[in-house]
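Have a look at final-v2.tsv below; it lists TSV, C-alpha atoms.
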chain	number	residue	atom	x	y	z
A	108	MET	CA	-7.51	70.30	95.09
A	109	ALA	CA	-5.54	72.70	97.11
A	110	ASN	CA	-2.22	71.84	98.66
A	111	ARG	CA	-3.66	71.90	102.13
A	112	GLN	CA	-6.11	69.18	101.17
A	113	LEU	CA	-3.36	67.04	99.75
A	114	LEU	CA	-1.66	67.20	103.11
A	115	LEU	CA	-4.86	66.29	104.95
A	116	PRO	CA	-5.04	62.74	106.18
A	117	SER	CA	-7.06	60.80	103.62
A	118	GLY	CA	-8.87	57.52	103.76
A	119	PHE	CA	-11.61	55.28	102.52
A	120	PRO	CA	-15.20	55.01	103.73
A	121	ARG	CA	-15.13	52.99	106.90
A	122	ALA	CA	-17.39	52.02	109.74
A	123	PRO	CA	-15.96	50.96	113.09
A	124	LEU	CA	-16.58	47.38	114.21
A	125	GLY	CA	-18.83	46.52	111.29
A	126	ASN	CA	-21.37	49.08	112.41
A	127	GLY	CA	-24.71	48.53	110.71
A	128	VAL	CA	-24.13	44.85	109.96
A	129	GLY	CA	-26.77	43.21	112.14
A	130	ARG	CA	-27.20	46.10	114.53
A	131	PHE	CA	-26.48	49.80	114.57
A	132	MET	CA	-24.74	51.55	117.45
A	133	CYS	CA	-24.41	55.29	118.02
A	134	GLN	CA	-20.69	56.00	118.31
A	135	LEU	CA	-20.99	59.03	120.58
A	136	LYS	CA	-20.61	57.93	124.20
A	137	ARG	CA	-20.25	61.11	126.20
A	138	VAL	CA	-20.94	64.77	125.56
A	139	THR	CA	-19.84	67.60	127.84
A	140	LEU	CA	-21.47	71.02	127.58
A	141	LYS	CA	-19.37	73.71	129.24
A	142	PHE	CA	-20.83	77.17	129.82
A	143	CYS	CA	-20.83	80.25	132.07
A	144	LYS	CA	-23.89	81.21	134.07
A	145	GLU	CA	-23.28	84.94	133.82
A	146	ARG	CA	-21.56	85.93	130.59
A	147	GLY	CA	-23.50	86.86	127.48
A	148	ASP	CA	-21.53	84.66	125.06
A	149	SER	CA	-22.96	81.56	126.80
A	150	ARG	CA	-26.52	82.74	126.43
A	151	GLY	CA	-27.30	80.39	123.53
A	152	MET	CA	-25.94	77.48	125.51
A	153	ARG	CA	-28.02	78.46	128.55
A	154	ASP	CA	-31.13	78.61	126.33
A	155	PHE	CA	-30.30	75.21	124.95
A	156	LEU	CA	-29.88	73.74	128.42
A	157	GLU	CA	-33.16	75.27	129.53
A	158	HIS	CA	-35.28	74.12	126.60
A	159	ASP	CA	-33.72	71.25	124.69
A	160	LEU	CA	-31.33	69.36	126.93
A	161	VAL	CA	-33.86	66.97	128.44
A	162	ASP	CA	-35.25	66.19	125.00
A	163	PHE	CA	-31.78	65.48	123.70
A	164	ALA	CA	-30.94	63.22	126.65
A	165	THR	CA	-34.17	61.22	126.37
A	166	LYS	CA	-33.77	60.90	122.62
A	167	HIS	CA	-30.24	59.51	122.97
A	168	PRO	CA	-30.26	57.09	125.91
A	169	SER	CA	-26.84	55.70	124.95
A	170	VAL	CA	-25.14	59.08	125.35
A	171	VAL	CA	-24.00	60.35	128.75
A	172	VAL	CA	-24.55	64.09	129.00
A	173	TYR	CA	-22.44	66.22	131.35
A	174	VAL	CA	-23.19	69.87	131.98
A	175	LYS	CA	-20.28	71.81	133.43
A	176	PRO	CA	-20.71	75.43	134.55
A	177	ARG	CA	-17.50	77.39	134.88
A	178	ARG	CA	-17.16	81.02	135.68
A	179	HIS	CA	-16.15	83.53	133.00
A	180	ARG	CA	-15.11	81.05	130.33
A	181	SER	CA	-16.72	80.69	126.91
A	182	SER	CA	-19.04	77.79	126.15
A	183	VAL	CA	-17.80	74.56	124.56
A	184	ILE	CA	-19.25	71.35	123.16
A	185	LYS	CA	-17.07	68.30	123.61
A	186	GLY	CA	-17.94	64.80	122.45
A	187	GLU	CA	-16.12	61.57	123.16
A	188	TYR	CA	-16.45	58.54	120.92
A	189	CYS	CA	-16.18	54.76	121.07
A	190	ASN	CA	-12.77	54.75	119.45
A	191	GLY	CA	-11.37	57.15	122.08
A	192	LYS	CA	-11.27	60.20	119.83
A	193	ASP	CA	-12.65	63.62	120.76
A	194	PHE	CA	-14.69	66.24	118.97
A	195	TRP	CA	-14.25	69.73	120.36
A	196	ILE	CA	-15.98	72.88	119.17
A	197	SER	CA	-16.26	76.30	120.74
A	198	ALA	CA	-19.87	77.42	121.15
A	199	HIS	CA	-18.81	81.00	121.82
A	200	LYS	CA	-21.68	83.39	120.96
A	201	MET	CA	-23.64	80.61	119.26
A	202	ASN	CA	-27.37	80.77	119.46
A	203	ARG	CA	-29.64	77.90	120.46
A	204	GLU	CA	-30.25	76.63	116.91
A	205	GLU	CA	-26.56	76.60	116.06
A	206	ILE	CA	-25.81	74.60	119.19
A	207	GLN	CA	-28.57	72.13	118.27
A	208	LYS	CA	-27.03	71.74	114.85
A	209	TRP	CA	-23.48	71.13	116.07
A	210	LEU	CA	-24.69	68.75	118.73
A	211	HIS	CA	-26.61	66.84	116.07
A	212	LEU	CA	-23.42	66.58	114.05
A	213	ALA	CA	-21.54	65.36	117.13
A	214	THR	CA	-24.16	62.68	117.64
A	215	THR	CA	-24.31	61.41	114.08
A	216	GLN	CA	-20.62	61.23	113.21
A	217	ASN	CA	-18.28	58.37	114.05
A	218	ASP	CA	-15.51	60.58	115.37
A	219	GLY	CA	-14.47	64.17	114.95
A	220	GLU	CA	-11.66	63.39	112.54
A	221	GLU	CA	-11.45	65.53	109.43
A	222	PHE	CA	-10.17	63.48	106.54
A	223	ARG	CA	-10.45	63.44	102.79
A	224	LEU	CA	-12.37	60.56	101.25
A	225	ARG	CA	-10.56	58.88	98.38
A	226	LYS	CA	-13.53	56.76	97.31
A	227	MET	CA	-17.24	57.18	97.79
A	228	MET	CA	-17.89	53.50	98.47
A	229	HIS	CA	-16.30	50.53	100.13
A	230	THR	CA	-16.83	46.89	99.28
A	231	ASP	CA	-15.23	43.65	100.45
A	232	ASN	CA	-16.61	41.76	97.43
A	233	PRO	CA	-15.67	43.73	94.33
A	234	SER	CA	-16.93	41.13	91.87
A	235	ILE	CA	-19.53	38.37	92.05
A	236	GLN	CA	-19.56	37.15	88.45
A	237	GLY	CA	-15.79	37.47	88.09
A	238	PRO	CA	-13.82	40.48	86.94
A	239	TRP	CA	-13.77	41.32	83.27
A	240	THR	CA	-10.84	40.01	81.26
A	241	PRO	CA	-10.09	40.41	77.55
A	242	PHE	CA	-11.40	36.87	77.07
A	243	THR	CA	-14.85	37.29	78.61
A	244	HIS	CA	-17.69	36.96	76.07
A	245	ARG	CA	-15.26	35.79	73.39
A	246	ASP	CA	-15.72	32.78	71.18
A	247	PRO	CA	-14.29	29.72	72.97
A	248	LYS	CA	-12.80	28.48	69.70
A	249	LEU	CA	-10.12	31.13	70.18
A	250	ASN	CA	-8.70	28.86	72.88
A	251	ASN	CA	-7.59	26.34	70.27
A	252	SER	CA	-6.63	28.68	67.45
A	253	SER	CA	-3.05	29.70	66.80
A	254	PHE	CA	-2.02	33.31	66.55
A	255	PRO	CA	-1.52	35.51	64.57
A	256	LEU	CA	-5.03	34.84	63.30
A	257	GLU	CA	-5.99	36.21	59.92
A	258	GLU	CA	-9.58	36.88	60.89
A	259	LEU	CA	-8.66	38.98	63.89
A	260	SER	CA	-5.93	40.89	62.05
A	261	GLU	CA	-8.38	42.49	59.65
A	262	PRO	CA	-9.99	45.88	60.22
A	263	VAL	CA	-13.33	45.77	61.96
A	264	PHE	CA	-14.83	48.44	59.75
A	265	VAL	CA	-13.72	49.29	56.25
A	266	PRO	CA	-15.36	52.44	54.85
A	267	LYS	CA	-17.09	52.15	51.49
A	268	SER	CA	-14.84	52.82	48.55
A	269	ALA	CA	-15.65	55.44	45.91
A	270	THR	CA	-16.39	52.64	43.41
A	271	GLN	CA	-18.88	51.06	45.76
A	272	GLN	CA	-20.57	54.40	46.37
A	273	LEU	CA	-20.79	55.08	42.62
A	274	ILE	CA	-22.31	51.67	42.01
A	275	GLU	CA	-24.89	52.30	44.68
A	276	ILE	CA	-25.78	55.70	43.26
A	277	PHE	CA	-26.09	54.21	39.78
A	278	ASN	CA	-28.33	51.39	41.01
A	279	GLU	CA	-30.46	53.86	42.91
A	280	GLN	CA	-30.91	55.96	39.78
A	281	GLN	CA	-31.84	52.90	37.75
A	282	ARG	CA	-34.36	51.88	40.34
A	283	THR	CA	-35.97	55.32	40.61
A	284	ALA	CA	-36.10	55.62	36.81
A	285	ARG	CA	-37.83	52.24	36.65
A	286	HIS	CA	-40.25	53.34	39.29
A	287	LEU	CA	-41.02	56.57	37.39
A	288	GLU	CA	-41.70	54.64	34.23
A	289	GLU	CA	-44.04	52.33	36.07
A	290	LYS	CA	-45.90	55.30	37.54
A	291	GLN	CA	-46.21	56.99	34.17
A	292	GLY	CA	-47.44	53.74	32.68
A	293	GLU	CA	-50.22	53.64	35.21
B	250	MET	CA	-48.57	81.47	45.92
B	251	ASN	CA	-51.31	78.96	45.75
B	252	GLY	CA	-49.41	77.04	43.16
B	253	ILE	CA	-46.30	76.89	45.31
B	254	ARG	CA	-48.26	75.93	48.37
B	255	GLY	CA	-50.15	73.28	46.52
B	256	PHE	CA	-47.01	71.97	44.89
B	257	THR	CA	-46.33	68.52	46.17
B	258	PRO	CA	-43.50	66.75	44.48
B	259	MET	CA	-44.33	63.23	43.52
B	260	PHE	CA	-41.02	62.26	44.97
B	261	ILE	CA	-37.53	63.60	44.73
B	262	PRO	CA	-35.13	60.74	44.18
B	263	THR	CA	-32.06	61.68	46.14
B	264	VAL	CA	-29.46	59.57	47.76
B	265	ASN	CA	-27.57	61.19	50.52
B	266	THR	CA	-24.20	59.73	49.83
B	267	PHE	CA	-22.61	61.43	52.79
B	268	PHE	CA	-24.69	59.46	55.26
B	269	ARG	CA	-24.97	56.49	52.92
B	270	LYS	CA	-28.65	56.44	53.67
B	271	ASN	CA	-31.62	56.38	51.39
B	272	VAL	CA	-33.69	59.53	51.74
B	273	ASN	CA	-36.94	59.05	49.85
B	274	ASN	CA	-39.69	57.32	51.71
B	275	PHE	CA	-41.32	55.16	49.09
B	276	ALA	CA	-38.13	53.22	48.57
B	277	ASN	CA	-38.31	51.48	51.92
B	278	THR	CA	-40.38	48.65	50.54
B	279	THR	CA	-38.20	47.94	47.54
B	280	MET	CA	-34.91	48.51	49.31
B	281	VAL	CA	-34.56	44.93	50.47
B	282	ALA	CA	-34.77	43.56	46.97
B	283	THR	CA	-32.25	46.02	45.52
B	284	LYS	CA	-29.78	45.47	48.32
B	285	ARG	CA	-29.33	41.90	47.21
B	286	LEU	CA	-28.50	43.02	43.68
B	287	LEU	CA	-25.71	45.30	44.87
B	288	PRO	CA	-22.28	43.80	44.50
B	289	THR	CA	-20.63	43.54	47.87
B	290	LEU	CA	-17.39	45.19	48.71
B	291	THR	CA	-15.84	41.78	49.06
B	292	SER	CA	-16.34	41.00	45.40
B	293	ILE	CA	-14.79	44.29	44.32
B	294	ALA	CA	-11.86	44.84	46.60
B	295	GLY	CA	-11.36	41.42	48.06
B	296	LEU	CA	-11.84	42.79	51.52
B	297	ARG	CA	-14.05	41.74	54.38
B	298	THR	CA	-16.08	44.47	55.99
B	299	HIS	CA	-16.80	42.70	59.27
B	300	SER	CA	-15.10	39.93	61.07
B	301	VAL	CA	-17.03	36.70	61.56
B	302	VAL	CA	-15.95	36.57	65.16
B	303	LYS	CA	-18.20	38.79	67.27
B	304	ARG	CA	-15.96	41.21	69.10
B	305	THR	CA	-18.42	42.26	71.74
B	306	ALA	CA	-21.22	40.83	73.80
B	307	GLN	CA	-24.63	41.39	72.32
B	308	PRO	CA	-26.32	44.44	73.84
B	309	PHE	CA	-29.46	44.06	75.87
B	310	PRO	CA	-32.55	45.00	73.86
B	311	LYS	CA	-33.33	48.65	74.33
B	312	ALA	CA	-37.07	48.61	73.75
B	313	ALA	CA	-39.39	47.29	76.44
B	314	PRO	CA	-41.10	43.97	75.64
B	315	HIS	CA	-44.46	45.60	75.04
B	316	GLN	CA	-42.91	47.90	72.45
B	317	GLN	CA	-41.31	45.15	70.42
B	318	THR	CA	-42.76	43.12	67.59
B	319	VAL	CA	-43.74	39.71	68.83
B	320	VAL	CA	-41.99	36.97	66.95
B	321	ASP	CA	-43.26	33.44	67.41
B	322	LYS	CA	-40.68	31.28	69.07
B	323	THR	CA	-39.96	27.77	68.00
B	324	GLU	CA	-40.73	24.93	70.40
B	325	GLU	CA	-37.03	24.42	71.07
B	326	GLU	CA	-36.58	28.05	72.02
B	327	VAL	CA	-39.62	27.97	74.27
B	328	SER	CA	-38.42	24.86	76.05
B	329	ALA	CA	-34.93	26.34	76.47
B	330	ILE	CA	-36.37	29.53	77.97
B	331	GLU	CA	-38.61	27.57	80.31
B	332	GLU	CA	-35.69	25.46	81.44
B	333	VAL	CA	-33.59	28.54	82.26
B	334	ILE	CA	-36.46	30.20	84.11
B	335	SER	CA	-37.19	27.07	86.12
B	336	LYS	CA	-33.53	26.76	87.07
B	337	VAL	CA	-33.42	30.37	88.26
B	338	ASN	CA	-36.69	29.90	90.15
B	339	HIS	CA	-35.30	26.76	91.75
B	340	GLN	CA	-32.24	28.68	92.95
B	341	ILE	CA	-34.43	31.50	94.27
B	342	SER	CA	-36.74	29.15	96.18
B	343	ASN	CA	-33.80	27.18	97.64
B	344	LYS	CA	-31.75	30.34	98.24
B	345	SER	CA	-28.83	28.51	96.66
B	346	HIS	CA	-27.81	31.41	94.43
B	347	GLY	CA	-25.15	32.62	96.87
B	348	ARG	CA	-24.18	36.26	97.17
B	349	LEU	CA	-26.24	38.67	95.10
B	350	PHE	CA	-25.23	42.02	93.71
B	351	ALA	CA	-27.47	44.78	92.44
B	352	VAL	CA	-27.30	47.98	90.48
B	353	ILE	CA	-29.42	50.63	92.15
B	354	GLN	CA	-30.09	54.27	91.59
B	355	LEU	CA	-29.72	56.41	94.65
B	356	PHE	CA	-29.41	60.18	94.80
B	357	ASN	CA	-29.30	60.45	90.99
B	358	ARG	CA	-26.33	58.14	90.82
B	359	GLN	CA	-26.03	54.47	90.01
B	360	TRP	CA	-24.22	52.16	92.37
B	361	LYS	CA	-23.21	48.51	92.09
B	362	ILE	CA	-23.77	47.08	95.52
B	363	THR	CA	-23.59	43.82	97.40
B	364	PRO	CA	-24.44	43.16	101.07
B	365	GLU	CA	-22.11	44.75	103.64
B	366	ASP	CA	-21.05	47.57	101.32
B	367	VAL	CA	-20.68	51.13	102.59
B	368	LEU	CA	-21.83	53.95	100.32
B	369	VAL	CA	-21.22	57.64	100.85
B	370	ILE	CA	-23.91	60.02	99.67
B	371	GLU	CA	-22.88	63.63	99.37
B	372	GLY	CA	-25.38	66.42	99.91
B	373	TYR	CA	-28.48	67.06	101.95
B	374	TRP	CA	-30.35	63.81	102.55
B	375	PRO	CA	-33.00	63.58	105.29
B	376	PRO	CA	-32.59	60.00	106.67
B	377	ASN	CA	-31.01	60.01	110.11
B	378	ILE	CA	-28.55	57.58	111.69
B	379	GLY	CA	-30.00	54.23	112.67
B	380	ASP	CA	-32.80	54.48	110.09
B	381	THR	CA	-33.41	51.35	108.08
B	382	ILE	CA	-34.43	52.12	104.53
B	383	ARG	CA	-35.44	50.06	101.55
B	384	LEU	CA	-33.79	50.88	98.23
B	385	GLU	CA	-36.50	50.49	95.64
B	386	LYS	CA	-34.97	51.71	92.39
B	387	VAL	CA	-33.27	48.50	91.33
B	388	LEU	CA	-31.95	48.28	87.79
B	389	LEU	CA	-30.29	44.89	87.93
B	390	VAL	CA	-29.79	41.97	90.27
B	391	GLY	CA	-27.21	39.31	89.63
B	392	SER	CA	-25.66	36.24	91.16
B	393	SER	CA	-22.77	34.14	89.93
B	394	ASP	CA	-25.15	32.14	87.71
B	395	PHE	CA	-27.77	34.60	86.48
B	396	SER	CA	-28.58	38.29	86.06
B	397	LEU	CA	-32.03	39.80	86.17
B	398	VAL	CA	-32.17	43.01	84.16
B	399	GLY	CA	-34.94	45.53	84.68
B	400	MET	CA	-36.46	47.42	81.79
B	401	PRO	CA	-35.59	49.85	83.23
B	402	LEU	CA	-36.48	48.78	86.78
B	403	LEU	CA	-37.18	45.46	88.41
B	404	ARG	CA	-40.56	44.81	90.01
B	405	PRO	CA	-40.54	46.04	93.62
B	406	ASP	CA	-42.01	42.74	94.83
B	407	LEU	CA	-39.16	40.81	93.20
B	408	VAL	CA	-36.24	42.40	95.01
B	409	ASN	CA	-35.91	43.65	98.56
B	410	ILE	CA	-32.79	45.67	99.36
B	411	GLN	CA	-32.40	46.87	102.93
B	412	ALA	CA	-29.88	49.44	104.09
B	413	THR	CA	-29.03	51.23	107.34
B	414	VAL	CA	-27.82	54.80	107.73
B	415	ILE	CA	-24.70	54.54	109.88
B	416	GLU	CA	-23.13	57.96	109.84
B	417	LYS	CA	-23.83	61.55	108.93
B	418	ARG	CA	-20.78	63.75	108.93
B	419	LEU	CA	-19.29	66.76	107.22
B	420	SER	CA	-16.63	66.49	104.56
B	421	HIS	CA	-13.23	68.10	104.98
B	422	THR	CA	-13.12	71.82	104.32
B	423	LYS	CA	-13.06	72.47	100.61
B	424	THR	CA	-11.75	75.75	99.32
B	425	ASN	CA	-13.23	77.75	96.50
B	426	PHE	CA	-10.72	80.42	95.49
B	427	LYS	CA	-11.51	82.94	92.77
B	428	LYS	CA	-9.16	85.60	91.45
B	429	ILE	CA	-9.21	87.85	88.43
B	430	MET	CA	-5.77	89.07	87.52
B	431	ARG	CA	-5.11	92.85	87.48
B	432	LYS	CA	-8.74	93.56	88.48
B	433	GLN	CA	-8.40	93.74	92.27
B	434	TYR	CA	-10.86	90.86	92.64
B	435	GLN	CA	-10.23	87.99	94.94
B	436	ARG	CA	-12.72	85.83	96.87
B	437	ILE	CA	-12.22	82.81	99.01
B	438	HIS	CA	-15.03	80.55	100.17
B	439	PHE	CA	-14.89	77.53	102.43
B	440	PHE	CA	-17.37	74.69	102.20
B	441	ARG	CA	-18.07	71.55	104.15
B	442	PHE	CA	-20.56	69.25	102.49
B	443	GLN	CA	-22.85	66.83	104.25
B	444	GLN	CA	-21.98	63.18	103.82
B	445	THR	CA	-24.24	60.26	104.68
B	446	MET	CA	-22.86	56.76	104.93
B	447	ILE	CA	-25.20	53.85	104.43
B	448	ARG	CA	-24.55	50.17	104.94
B	449	ILE	CA	-26.23	47.66	102.64
B	450	ASN	CA	-27.73	44.97	104.87
B	451	SER	CA	-29.36	42.52	102.51
B	452	ILE	CA	-30.35	41.88	98.93
B	453	GLU	CA	-33.14	39.33	98.65
B	454	LEU	CA	-35.14	37.90	95.80
B	455	THR	CA	-38.63	37.54	97.14
B	456	SER	CA	-40.69	36.01	94.34
B	457	ARG	CA	-40.50	33.82	91.26
B	458	ILE	CA	-39.22	35.63	88.19
B	459	ASP	CA	-41.96	34.49	85.79
B	460	GLU	CA	-44.84	35.51	88.02
B	461	LYS	CA	-47.18	37.99	86.41
B	462	LYS	CA	-49.61	39.66	88.73
B	463	ASP	CA	-52.70	41.57	87.70
B	464	ILE	CA	-51.59	44.60	89.70
B	465	GLU	CA	-47.90	45.26	90.15
B	466	GLY	CA	-45.90	47.60	92.33
B	467	LEU	CA	-48.54	48.33	94.95
B	468	GLU	CA	-47.06	46.26	97.78
B	469	GLY	CA	-46.39	48.27	100.91
B	470	ARG	CA	-48.03	51.40	99.48
B	471	VAL	CA	-50.42	53.49	101.50
B	472	PHE	CA	-52.91	55.63	99.61
Any chance you could put this one into structure tokens?
Amino acid sequence: MANRQLLLPSGFPRAPLGNGVGRFMCQLKRVTLKFCKERGDSRGMRDFLEHDLVDFATKHPSVVVYVKPRRHRSSVIKGEYCNGKDFWISAHKMNREEIQKWLHLATTQNDGEEFRLRKMMHTDNPSIQGPWTPFTHRDPKLNNSSFPLEELSEPVFVPKSATQQLIEIFNEQQRTARHLEEKQGE
Amino acid sequence: MNGIRGFTPMFIPTVNTFFRKNVNNFANTTMVATKRLLPTLTSIAGLRTHSVVKRTAQPFPKAAPHQQTVVDKTEEEVSAIEEVISKVNHQISNKSHGRLFAVIQLFNRQWKITPEDVLVIEGYWPPNIGDTIRLEKVLLVGSSDFSLVGMPLLRPDLVNIQATVIEKRLSHTKTNFKKIMRKQYQRIHFFRFQQTMIRINSIELTSRIDEKKDIEGLEGRVF
């Protein structure tokens, strides 16, 4: 993570006013499209207004759309949200598809704030069956026993000693020899 | 050549001591008997290999029920199982189980969720804001009293998890900076990734757990 991103405001996943619990509400309330009628850098915006604006407005009945022509200034998309925050982006020399894309982003986001997410989920109920403790799934008789306990002080796994391994090898040899003899006998 | 090809050793008695595992195949049948003859480590060194107290919870069985050997249960076991199942079914039918949680798989990632959670999914994902979706890949559902574990998934007609897409935004600008020292190579790329936030609306158990239908998993499907 770069230094700049450490200095960014950071936060946790959030949804304003319990959005999505019960009902969903689009957070964009007003969008203003500023453009020039003459200059070439507003051409994409003019195309958008000509072809897609009515579709956009009918598709999003909860959003108020303002169109603001202004002479010899570059085109701009500005959105205003429920929480009072703004999203501003210059549409200078953008084509129609780019403007569609940025307007879609303006519609779908909660506000224009750029912040770093510290977690990828949020929950109000972190545990339903109770958080894990060192005593979960342990034998309840440990409640009454006194510590230090000899049973628990021993190693969980003791590797086989050389003697044990030798004994096993010897037994194996005996067994295979017996088996051979039986086979030969047959 | 023919002799070498046709050479089949009767058996080669080897014991791989490194892995402490018997290698020859025929021995599998007699192994049980010989194991009993072996002196245990306890008798030699006076040590215990394993503690009597179980340190961990028993793992869930890994093989699916139809892949396991069927062992006849005693009447006591059968009655105990039936009692547990009837209690769970009673809670499901009364909806007295309280808040449920579930483990789902979404976007190649497993999440532990409970109603009213917000999840953030990073990357391109088609659902748009306001869409209500059903999360069908459910690995586990649990309440305070019981857990239902799928092998690997739970039946789709058993659990119904509804979620709403509430936001689609872009992440903060992430920087990808590459530089090779003394080679006059330096690149800097900026990325903003798509993020989709979904709200879990409800987790519901919709049928009895011991129901076995002739055809499963076809509810709500259009062919």
What's around stretch 388-397 of chain B at 6 Å? Count only C-alpha atoms, leave out sequence neighbours fewer than 6 positions away in its own chain, and write the answer as number ranges by chain.
A: 235-236; B: 349-353, 403
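For the residues A:Ile274, A:Leu113, A:Val170, A:Met228, ranking by smallest atom-to-atom distance to chain B using only C-alpha atoms places A:Met228 first.
Going from atom CA of B:Lys427 over to atom CA of A:Gln112, you cover 17.0 Å.
With distances restricted to all atoms listed in the file, A:Arg223 is the closest residue to B:Phe442 from A:Glu257, A:Pro168, A:Arg223, A:Asn278.
Atom pair atom CA of B:Leu355 / atom CA of B:Ala412: separated by 11.7 Å.
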Between atom CA of B:Gly399 and atom CA of B:Glu365, what is the distance, to one decimal in Å?
22.9 Å
Mind checking which residues fall within 9 Å of A:Gly147, counting all atoms listed in the file, ignoring those fewer than 4 positions away in the same chain, and posting them as a PDB file with C-alpha atoms, in the frame of the given file?
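Result written to out.pdb:
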ATOM      1  CA  CYS A 143     -20.830  80.250 132.070  1.00  0.00           C
ATOM      2  CA  GLY A 151     -27.300  80.390 123.530  1.00  0.00           C
ATOM      3  CA  LYS A 200     -21.680  83.390 120.960  1.00  0.00           C
TER       4      LYS A 200
END
Within 6 Å of (-20.2, 72.8, 119.4) (file coordinates; only C-alpha atoms), which protein or nucleic acid residues are there? I'd like them as a VMD selection string.
chain A and resid 183 to 184 196 to 198 206 209
Which residue of A:Pro255, A:Gly118, A:Gly191, A:Gly237 approaches chain B most closely, using only C-alpha atoms:
A:Gly237
For stretch 206-217 of chain A, supply N, CA, C and O atoms and format the output as a short mmCIF file (atom, residue, chain, number, x, y, z; two decimals), in the frame of the given file.
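Written file, rebuild-v9.cif:
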data_model
loop_
_atom_site.label_atom_id
_atom_site.label_comp_id
_atom_site.auth_asym_id
_atom_site.auth_seq_id
_atom_site.Cartn_x
_atom_site.Cartn_y
_atom_site.Cartn_z
N ILE A 206 -26.28 75.63 118.25
CA ILE A 206 -25.81 74.60 119.19
C ILE A 206 -26.52 73.28 118.92
O ILE A 206 -25.90 72.22 118.91
N GLN A 207 -27.83 73.35 118.63
CA GLN A 207 -28.57 72.13 118.27
C GLN A 207 -27.93 71.45 117.07
O GLN A 207 -27.74 70.23 117.04
N LYS A 208 -27.57 72.27 116.09
CA LYS A 208 -27.03 71.74 114.85
C LYS A 208 -25.68 71.06 115.08
O LYS A 208 -25.44 69.93 114.63
N TRP A 209 -24.81 71.72 115.84
CA TRP A 209 -23.48 71.13 116.07
C TRP A 209 -23.58 69.89 116.95
O TRP A 209 -22.83 68.93 116.77
N LEU A 210 -24.52 69.91 117.87
CA LEU A 210 -24.69 68.75 118.73
C LEU A 210 -25.24 67.56 117.92
O LEU A 210 -24.86 66.41 118.16
N HIS A 211 -26.10 67.88 116.96
CA HIS A 211 -26.61 66.84 116.07
C HIS A 211 -25.48 66.22 115.27
O HIS A 211 -25.38 65.00 115.12
N LEU A 212 -24.58 67.10 114.78
CA LEU A 212 -23.42 66.58 114.05
C LEU A 212 -22.57 65.69 114.96
O LEU A 212 -22.16 64.59 114.57
N ALA A 213 -22.36 66.14 116.20
CA ALA A 213 -21.54 65.36 117.13
C ALA A 213 -22.16 64.00 117.38
O ALA A 213 -21.46 63.00 117.56
N THR A 214 -23.48 63.94 117.38
CA THR A 214 -24.16 62.68 117.64
C THR A 214 -24.08 61.73 116.45
O THR A 214 -23.97 60.52 116.63
N THR A 215 -24.17 62.28 115.25
CA THR A 215 -24.31 61.41 114.08
C THR A 215 -22.97 60.97 113.49
O THR A 215 -22.94 60.02 112.73
N GLN A 216 -21.87 61.63 113.84
CA GLN A 216 -20.62 61.23 113.21
C GLN A 216 -19.91 60.16 114.02
O GLN A 216 -20.22 59.94 115.20
N ASN A 217 -18.98 59.47 113.38
CA ASN A 217 -18.28 58.37 114.05
C ASN A 217 -17.17 58.87 114.96
O ASN A 217 -16.87 58.28 115.97
#
